[in-house]
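J.: I have a structure here, written as structure tokens, and I will follow up with some questions on it.
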Amino acid sequence: MTDLLLGQVLSFAGDPFLEGEAAARHEPHGGVLVSDGRIVEVGKAAALRASHPQARVTDYGTGLISAGFVDAHVHYPQTTIIASWGKRLIDWLETYTFPEEMRFGDAAYANEVAGRYLDLTLAHGTTTVCSYCTIHPESVDAFFGAAAARGLRAYAGKTCMDRNAPEGLRDTAQSAYDDSKRLLGKWHGRDRLSYVITPRFSPTSTPEQLAALGALWREHPDCLMQTHLSEQLDEIEWVKELHPQARDYLDTYEAQGLLREGAVFGHAIHLADRERDRLVEAGASLVHCPTSNTFIGSGLFDMGLVAQGIRVGLATDTGGGSSFSMLRTMAAAYEIGQLRGQALHPAQLWWLATAGSARALRAEDRIGNIAPGLEADLVVLDLASTPAIEQATRRAESIWQQIFPSIIMGDDRAVRAVWVGGKPAFAGPGTA
Ligand code: GUN
Ligand code: ZN
């Protein structure tokens, strides 16, 4: 079956951080031709209709067709503790996160939350996430099982912690290696799934555990490795005490073989010059989690890192982040940029939530954009989804003026449809 989706089509031919809005392609009466799960052709609606009369047409009118959102750093096990009041990172972890994560040894509970989480994110237009699980292998099986059932391209790994976590939420250097290796063998490359080697962060791993995971990564160099880096100032002080031999926070990973292409560091707010230089040299990726950084009070990410050539993605960081919506996340990135004197253009925000995040996950040849050969993961948005947004777009003279109110004020009510692997996967209210 060949499908032809019609609407306004937004895609990228380049990087708007390098080329400005000229990097974006907007076709107001456009079409995306999809077959066998992939995008086959992109162009003007009339021309595609004429050249493919046999295709099944879904006409979204003025709906905006974009690549589905890519959320490059989430903790699906924190779905139920999102929006928990009033703590900073370490006591937030101890008060809310660890007690909830304790429950994921129960496969039935893990399955239920994994399914609920992926249904929520799909309803928000997100078609790929990169998730932390818990220390329990059951939590990994639950996540990948739920992602496979929905046909999603998805990234995840068992979170490893061998200290500074409660009894019942600690593994060891050896068991982290063994369990991660077994789960990697079971899931990596199956369907659209990728295993990610996942030490939680240096405060909860001994150097021995980080070294064991470094060894595992050397055995499986095509995997990603994800962890947290320099999120809050007291966390950085704690890392200094716990790893006295390290030159800085990044060195706790670097010294154990956990810094190279394919390393994905969440947050990375308070970086020393050496750390910035090494991240650039090593070809590592950073993930900006703006709603989390304001919600937990972590600090203001420096988007200037993109100009230094670092791959930067965007993420909700559920449940430290306060929303499942990548629209809301773009708004928070804009606000943080403003507080740093860096007004991000809507093209840059949209790119971060799609192609930028895909690039941070080294998946830009598969997802995150609309171009022939890429996988057909698409979101269709209503750019007038509430009365407040509709009235703000009435005098719009460019696509960016039309889109920006949805970035700043939009949420899941803007999502009309989601396509995953070339198939309809979600239809919003009013789109039977
Ligand atoms: N650092 C280590 N673990 C976490 C987590 O679960 N959330 C956030 N925001 N930071 C972390
Ligand atoms: Zn996180």
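Identifiers in the structure tokens: chain A, B, ... in order shown; residue index from 1 per chain; ligand index from 1 in order shown.
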Please tabulate, as a Markdown table, the residues of chain A that come within 6 Å of ligand 1, each with its closest pair of atoms and the distance in Å to one decimal, counting only C-alpha atoms and all ligand atoms and ordering rows by chain, then residue number upward.
T.:
| residue | atom | partner | partner_atom_place_in_ligand_line | distance |
| --- | --- | --- | --- | --- |
| A:Arg200 | CA | ligand 1 | 2 (C) | 5.6 |
| A:Phe201 | CA | ligand 1 | 2 (C) | 5.5 |
| A:His228 | CA | ligand 1 | 1 (N) | 5.6 |
| A:Gly320 | CA | ligand 1 | 9 (N) | 4.6 |
J.: With only C-alpha atoms and all ligand atoms counted and 7 Å as the cut-off, give the residues of chain A in contact with ligand 2, each with its shortest interatomic distance in Å and the pair that gives it, as a tab-separated table.
T.:
residue	atom	partner	partner_atom_place_in_ligand_line	distance
A:His73	CA	ligand 2	1 (Zn)	6.2
A:Val74	CA	ligand 2	1 (Zn)	6.0
A:His75	CA	ligand 2	1 (Zn)	6.3
A:His228	CA	ligand 2	1 (Zn)	6.3
A:Gly266	CA	ligand 2	1 (Zn)	6.2
A:Asp317	CA	ligand 2	1 (Zn)	5.3
J.: Emit the selected residues as a PDB file, in the first residue's frame, including N, CA and C atoms.
T.:
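out_8.pdb, written as the output of this step:
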ATOM      1  N   HIS A  73      16.112  12.001  25.826  1.00  0.00           N
ATOM      2  CA  HIS A  73      16.501  11.616  27.202  1.00  0.00           C
ATOM      3  C   HIS A  73      15.241  11.585  28.077  1.00  0.00           C
ATOM      4  N   VAL A  74      14.819  10.381  28.436  1.00  0.00           N
ATOM      5  CA  VAL A  74      13.643  10.239  29.301  1.00  0.00           C
ATOM      6  C   VAL A  74      13.892   9.096  30.287  1.00  0.00           C
ATOM      7  N   HIS A  75      13.084   9.114  31.345  1.00  0.00           N
ATOM      8  CA  HIS A  75      13.052   7.989  32.288  1.00  0.00           C
ATOM      9  C   HIS A  75      11.608   7.508  32.313  1.00  0.00           C
ATOM     10  N   HIS A 228      24.331  10.822  32.846  1.00  0.00           N
ATOM     11  CA  HIS A 228      24.108  12.226  33.199  1.00  0.00           C
ATOM     12  C   HIS A 228      25.449  12.909  33.463  1.00  0.00           C
ATOM     13  N   GLY A 266      23.246  13.588  29.306  1.00  0.00           N
ATOM     14  CA  GLY A 266      22.100  14.432  29.636  1.00  0.00           C
ATOM     15  C   GLY A 266      22.516  15.621  30.477  1.00  0.00           C
ATOM     16  N   ASP A 317      13.159  14.750  29.621  1.00  0.00           N
ATOM     17  CA  ASP A 317      13.657  14.202  30.893  1.00  0.00           C
ATOM     18  C   ASP A 317      12.504  13.842  31.838  1.00  0.00           C
TER      19      ASP A 317
END
J.: Given only C-alpha atoms as the basis, pick out the residue of A:Tyr96, A:Tyr109, A:Phe69, A:Phe104 nearest to Leu381 of chain A.
T.: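 Once distances to Leu381 of chain A are computed over only C-alpha atoms, the minimum belongs to A:Phe69.
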J.: Expressed in Å to a single decimal, how great is the separation between atom CA of Ala284 of chain A and atom CA of Ala343 of chain A?
T.: 24.6 Å
J.: For a quick check of understanding, using only C-alpha atoms, which of A:Gly321, A:Gly337, A:Pro424, A:Gly309 has the smallest distance to Ala83 of chain A?
T.: A:Gly321
J.: So that I can see what lies close to Trp238 of chain A, please list as a list in words the residues with an atom at most 12 Å from it, counting only C-alpha atoms and leaving out residues fewer than 4 positions away in the same chain.
T.: Leu89, Ile90, Asn164, Phe201, Ser202, Pro203, Thr204, Ser230, Glu231, Gln232, Leu233, Asp234, Leu242, His243, Pro244, Asp248 and Tyr249 of chain A
J.: Report, in Å to a single decimal, how far apart atom CA of Leu33 of chain A and atom CA of Ala427 of chain A are.
T.: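 Going from atom CA of Ala427 of chain A over to atom CA of Leu33 of chain A, I get 18.9 Å.
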J.: Please identify which residues in segment 222-342 of chain A DSSP calls strand (DSSP E) from the backbone, and express them as a PyMOL selection string.
T.: chain A and resi 224-229+263-267+285-288+311-314
J.: What's the 6 Å shell around Gly422 of chain A, counting only C-alpha atoms, without same-chain residues fewer than 3 positions away, as a ChimeraX atom specification?
T.: /A:37,376,419
J.: Please determine, counting only C-alpha atoms, which residue among A:Asp273, A:Arg218, A:Arg247, A:Asp162 has the shortest atom-to-atom distance to Thr206 of chain A.
T.: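 Looking only at the distances to Thr206 of chain A, the closest residue turns out to be A:Asp162.
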J.: Which residues are close to Asp36 of chain A, i.e. within 8 Å by only C-alpha atoms, leaving aside same-chain residues fewer than 5 positions away? Reply as a JSON list (two decimals) with N, CA and C atoms, in the first residue's frame.
T.:
[["chain", "number", "residue", "atom", "x", "y", "z"],
["A", 1, "MET", "N", 0.85, -1.21, 0.00],
["A", 1, "MET", "CA", 0.00, 0.00, 0.00],
["A", 1, "MET", "C", 0.88, 1.25, 0.00],
["A", 2, "THR", "N", 0.56, 2.17, -0.91],
["A", 2, "THR", "CA", 1.25, 3.46, -0.92],
["A", 2, "THR", "C", 0.29, 4.52, -0.39],
["A", 421, "GLY", "N", 6.29, 4.21, 11.29],
["A", 421, "GLY", "CA", 6.70, 3.20, 10.31],
["A", 421, "GLY", "C", 5.73, 3.10, 9.15],
["A", 422, "GLY", "N", 5.22, 4.27, 8.72],
["A", 422, "GLY", "CA", 4.33, 4.31, 7.56],
["A", 422, "GLY", "C", 2.90, 3.90, 7.83]]
J.: Against segment 405-413 of chain A, which residues of segment 81-196 of chain A fall within 9 Å? For each one I want the closest pair of atoms and the distance in Å (one decimal), counting only C-alpha atoms, rows by chain and increasing residue number, as a tab-separated table.
T.:
residue	atom	partner	partner_atom	distance
A:Ala123	CA	A:Asp412	CA	6.4
A:His124	CA	A:Asp412	CA	4.7
A:Gly125	CA	A:Asp412	CA	7.5
J.: Kindly export the residues of the current selection with C-alpha atoms, as a compact mmCIF listing (two decimals), in the first residue's frame.
T.:
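Full text of again_21.txt as output:
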# COMPACT_ATOMS: atom_id res chain seq x y z
CA ALA A 123 -0.42 11.19 21.74
CA HIS A 124 2.03 14.09 22.10
CA GLY A 125 3.51 13.45 18.65
J.: Give me the residues within 12 Å of Leu349 of chain A as a PyMOL selection string, counting only C-alpha atoms and dropping any in the same chain fewer than 6 places off.
T.: chain A and resi 15-17+20-21+24+69+288+290+303+312-315+326-337+342-343+355-357+400+403-404+406-408
J.: Rounded to one decimal in Å, what is the spacing between atom CA of Leu184 of chain A and atom CA of Thr127 of chain A?
T.: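 Between these atoms lies a distance of 21.7 Å.
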J.: Under the rule that only C-alpha atoms are counted, which of A:Glu94, A:Glu101, A:Asp59, A:Glu364 is the nearest residue to Pro77 of chain A?
T.: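 Of all the options, A:Glu101 lies closest to Pro77 of chain A.
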J.: Report the residues of segment 93-173 of chain A whose backbone DSSP state falls under helix (DSSP H, G or I), written as a PyMOL selection string.
T.: chain A and resi 93-105+107-123+137-149+173
J.: Can you tell me, as a ChimeraX atom specification, what residues are no more than 12 Å from Pro199 of chain A when counting only C-alpha atoms, ignoring any on the same chain fewer than 6 positions away?
T.: /A:132-135,156-163,170-173,176-177,180,205-214,216-217,224-229,252-253,256,258,263-266
J.: Give the answer as one residue: which of A:Ala358, A:Ala392, A:Leu6, A:Cys289 has the shortest atom-to-atom distance to Gly61 of chain A, using only C-alpha atoms?
T.: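 Closest to Gly61 of chain A, using only C-alpha atoms: A:Leu6.
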